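Engineer: Take a look at the following structure, please.
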Amino acid sequence: MEAVAKSDFLAKGEAQAKPLVLWRPAAKAGILSWLTTVDHKRIGFLYGISGLFFLIVGGIEALLIRIQLAVPNNTFLTSAQYSEMFTMHGTTMIFLVVMPIGAAFFNFVMPLQIGARDVAFPRLNAFSYWTFLVGAIIVNLGWFMPDGVPNAGWVGYAPLTTRTFSPSHAIDMWVMGLQLLGVASIAAALNFIVTIINLRAPGMTMMRLPVFTWMTLFTSFLIILSFPAITIALVEIMMDRLFGTNFFEVSNGGMPILWQHLFWIFGHPEVYILILPAMGIISEILPTFSRKPLFGYPIVVFSGASIGLLGFGVWSHHMFTSGLGTVANAAFALMTMAIAVPTGVKIFNWIGTLWGGHLSMRTPMMFALGFLWMFMIGGFSGVMHAAAPADSQQHGSYFVVAHFHYVLIGGSLFALLAGIHYWFPLMFGRKVSETWGKVSFWLVFVGFNATFFPMHFLGLEGMPRRTFTYDGNMGWNLGNLISSVGAFVLAIGIGVYLVTMVYTYYRGERTGTDPWDARTLEWSLPNPVPEYNFRVIPTIHARDGWWYEKRHREEVAREAEDHARSEEAHGGIHMPFQSVYPFLAGVGILVGAIGTAVVDPADHALYPGFWGPKIAVTLAGGAIMFVSIVLWSLEGCEGTHIHLNEDGTVKDGGPHAGHPSAH
Amino acid sequence: MSSDAATATIDHHFDPTTSTGIPNKKILMWAFLASDCMFFGCLISTHLIYRLHPPPGTPPARQVFSIELTSFSTFILLMSSLMMALAVNAIQKGNLKSMRWSLLTTIFFGCIFLGCQVYEFRNFVYEKHLTITNSILGTTFFTLTGTHGLHVLVGVIWLSGMLLYSFTGRLTEKEAIDVESMGLYWHFVDIVWIVIFTAVYLLEYI
């Protein structure tokens, strides 16, 4: 923690605190407390809520697609509207649903799992969230504008996205929004990397880290190394669109294939950015509900690392039909098949965990088992794609759509839904009813399979992706109808799931500490988790730290008292100050991004020369951001100290123990 | 370090409050630089790929470049790294005065580099008729070197901010890590320039 690193100087720091800032927010409740929060739990909650909101948005887009495709020659959507729907559906689900819900768990759970009181850079963490939100707003701005929403597919292939073929601002918004989502992800990932490497509690060696924390680390490395590729691709397309450069301008020597390479150098690691957190969640849930430690922990960890590493060497399997040549195709096919090995190893380890365990079929476990099965089906069709000759038949067909929905819904989303159930008691102190949890599981499970299993056959029968309608004599009618009905069952399942969550938040059965009798450190905390997380920073003695602690109560209690005394002697529990500047920087970015992406370029008759509304708005946003960042660095990161009573409440009317949902 | 560390010697290579002993800000900067490597890697690859496929009518790069000027500005930028290293060394010893002079020289050298780049860009556009829009060489050259120039500019602003901050009395030996991580960034920008100088300029003279 930047703050903890300073704690030894604090006595001096507090004495000389002549603040360079004019205003330090201290609100603990109300809207201001949320805008200025640096608490990783609150930020995780914000990510989660945003992700679930966009799950509904992306889900509605999916339903519109399925209504259009339910019967042949349908006219429910025009082809232009259909393009907007599948573009926004893909962009939303990947960048605004799976990634932020994953980030919600990174934020909320990971620091608790390693025994930390916050992430390493709490204000940077808040900045990541606000930048994410700005990116989400910019991508979705088209709904409220005459230009409409982006419509060039979530992969945004050049030259379709150049000004010649897509003259409206919709693509500018897509480019700018994705750029900001990249900035947000990289900033957050840097923070998680430092946190996991440097803020582990004493005794929490790397090979004792919970697997979810390991997967957070790998995902973060994938983010910081793969997002730059799409950032540069987006910079190039933006330069082409705004300044008339030639990156993708064929008549001047540009090569559109470059976009595909840069996009997929990002795009394939992105697939693992979406699935590794899910694998981490599953690796926490299966042992807990099998009453066994995770089978082959080191192998699971190293498999995660190999998946991440190999993930950088397989991008061209998305481009088998673009004419790379046989050598390149063969090499990428081999690498792609190789990635099935560590993935398979993980599956076997999960099965090994279940084997001989005392399985307890609670709702999180149901979703986790659903993940295991559905993700395997997605994996099998993935290996089929790895064979380049077979892929040239399947490319651009519904078979591919079936494949990636099995890994992204059956894989990522099932695990995220499992994770929400699993950690809900920790976040809110209430437990979801088993009946409604299982009802939602079965609806989601049946609806999901009914929607996407027929797509395998549709694809093999030749139905192409991204086509807004089809003739009645192609033999695709039944499959599409089943799929559309399934989509509504899936939607009802998600609806039941979300309503159950909201109900549980207000009225659910209250739970005590550690309701699942779990193994990892976050469950040692009371719920709702106090603002300072750990009354005493724990000492870790074994891989399943909390499991060990539960069986060595006296020893651990003695140790904790010693630590508490020494921490009290060093000034008490250190908490970071709240700060408004990350939010203000986000406001600046919003203004600047609107200037770059939405405002029309200067009309040269009205605004001769350099200055015009576009430049002015962009620079105004940049200035707000710059001033915020300067004030951010001037306000410093000293933080404050709090002292606790015996019962864990804060003394002296200081910051009270809140939790992310308290207000 | 104990709370009376103000009088004791500070070990700038070990932070006892972290798990690894490495200061958080240092790991943050290294991880960011790893990410930045990928940014520049993609831009440099773009340039190198397009360099192999010049459309007809592209001016030969050797007729455009002025290797003498660029060699000079490269040398100046490398020397700025030396001054940056001296600045970090000075603050780690608590020698504020020496740090200020070293920082000022670093900023000065950085500005010379930026000035050379502005001159070079103007020269290319107005004398050699290479613009960002009229050829693929111009597109990749100005985007790549411009992105690097932007990095230098950010570095100069950061250095200047730190120099001003040092007059508030808040920058002491204990905050040496702030100068050090800034130095890591500055050295990285210099190293990237060595790669760009080789891949964009020198390659044309082989």
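Letters for chains follow the order of the structure tokens (A, B, ...), residue numbers begin at 1 for each chain, and ligand numbers begin at 1 in the order shown.
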At a cut-off of 6 Å, list the chain B residues touching chain A, using only C-alpha atoms, as a list in words.

Structural biologist: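 Using only C-alpha atoms, chain B residues at most 6 Å from chain A: Ser3, Thr17, Thr18, Ser19, Thr20, Ser35, Met38, Phe39, Pro55, Ile132, Thr133, Ile136 and Thr139 of chain B.
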
Engineer: Dump C-alpha atoms for the selected residues as a PDB file, in the first residue's frame?

Structural biologist:
ATOM      1  CA  SER B   3       9.845   5.696  13.328  1.00  0.00           C
ATOM      2  CA  THR B  17       6.743  -2.739   4.752  1.00  0.00           C
ATOM      3  CA  THR B  18       6.347  -4.787   1.571  1.00  0.00           C
ATOM      4  CA  SER B  19       6.403  -8.560   1.066  1.00  0.00           C
ATOM      5  CA  THR B  20       9.378  -8.522  -1.286  1.00  0.00           C
ATOM      6  CA  SER B  35       3.344  -2.709 -20.889  1.00  0.00           C
ATOM      7  CA  MET B  38       4.362  -3.679 -26.040  1.00  0.00           C
ATOM      8  CA  PHE B  39       3.026  -0.269 -27.153  1.00  0.00           C
ATOM      9  CA  PRO B  55       3.948   1.777 -52.735  1.00  0.00           C
ATOM     10  CA  ILE B 132       1.662  12.237 -42.334  1.00  0.00           C
ATOM     11  CA  THR B 133      -0.965  11.823 -45.053  1.00  0.00           C
ATOM     12  CA  ILE B 136       2.883   5.340 -45.816  1.00  0.00           C
ATOM     13  CA  THR B 139       2.314   7.886 -41.694  1.00  0.00           C
TER      14      THR B 139
END

Engineer: Can you pull out every residue within 6 Å of range 271-284 of chain A, counting only C-alpha atoms, but drop anything in the same chain fewer than 3 positions away, and send it as a list of chain:residue names?

Structural biologist: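 Once the adjacent positions are removed, what remains is A:Val211, A:Phe212, A:Met215, A:Thr219, A:His268, A:Ala368, A:Ser412, A:Ala415.
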
Engineer: Any chance you could export the current selection's C-alpha atoms as a tab-separated table (two decimals), in the first residue's frame?

Structural biologist:
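Full text of result-v9.tsv as output:
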chain	number	residue	atom	x	y	z
A	211	VAL	CA	-5.79	-20.06	-6.77
A	212	PHE	CA	-8.19	-17.18	-7.43
A	215	MET	CA	-5.45	-16.28	-11.63
A	219	THR	CA	-4.96	-12.15	-15.84
A	268	HIS	CA	-6.67	-14.00	-28.16
A	368	ALA	CA	-19.50	-24.57	-10.76
A	412	SER	CA	-16.99	-17.34	-17.87
A	415	ALA	CA	-18.35	-19.09	-13.04

Engineer: I'd like the contact shell of Ile60 in chain A - 10 Å cut-off, only C-alpha atoms, skipping same-chain residues fewer than 4 positions apart - returned as a PyMOL selection string.

Structural biologist: chain A and resi 54-56+64-66+85+89+491

Engineer: Convert the current residue selection to file output with C-alpha atoms, as a PDB file, in the first residue's frame.

Structural biologist:
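What follows is the written file selection.pdb:
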ATOM      1  CA  PHE A  54     -24.666  -3.968 -18.797  1.00  0.00           C
ATOM      2  CA  LEU A  55     -25.524  -7.682 -18.594  1.00  0.00           C
ATOM      3  CA  ILE A  56     -29.149  -6.593 -18.862  1.00  0.00           C
ATOM      4  CA  LEU A  64     -33.542  -8.551 -30.252  1.00  0.00           C
ATOM      5  CA  ILE A  65     -31.091 -10.540 -32.381  1.00  0.00           C
ATOM      6  CA  ARG A  66     -32.862 -13.790 -31.520  1.00  0.00           C
ATOM      7  CA  MET A  85     -27.144  -5.103 -32.317  1.00  0.00           C
ATOM      8  CA  HIS A  89     -23.894  -7.156 -27.975  1.00  0.00           C
ATOM      9  CA  ALA A 491     -33.278 -14.504 -20.139  1.00  0.00           C
TER      10      ALA A 491
END

Engineer: Would you compute the distance between CA of Thr467 in chain A and CA of Leu234 in chain A? Give it in Å to one decimal.

Structural biologist: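 Those two atoms sit 25.5 Å apart.
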
Engineer: Out of B:Lys93, B:Leu52, B:Arg170, B:Val118, which residue has the shortest atom-to-atom distance to Leu150 in chain B when counting only C-alpha atoms?

Structural biologist: B:Val118

Engineer: Please identify all polymer residues within 7 Å of range 544-548 of chain A, counting only C-alpha atoms, omitting same-chain residues fewer than 4 positions from it, and present them as a count of residues only.

Structural biologist: 6

Engineer: Within 7 Å of Thr469 in chain A, counting only C-alpha atoms, which residues qualify if same-chain residues fewer than 6 places away don't, as a count of residues only?

Structural biologist: 4

Engineer: Calculate how many Å separate CA of Tyr470 in chain A from CA of Gln393 in chain A, rounding to one decimal.

Structural biologist: 19.2 Å

Engineer: Among chain B, which residues does DSSP mark as helix (DSSP H, G or I) when it is run on the backbone? Keep the chain and numbering as in the structure and answer as an MDAnalysis selection string.

Structural biologist: chainID B and resid 24:52 61:64 67:92 96:127 136:168 173:205

Engineer: Could you please determine the separation between CA of Gly352 in chain A and CA of Gly296 in chain A in Å, to one decimal place?

Structural biologist: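 Between CA of Gly352 in chain A and CA of Gly296 in chain A the gap is 8.3 Å.
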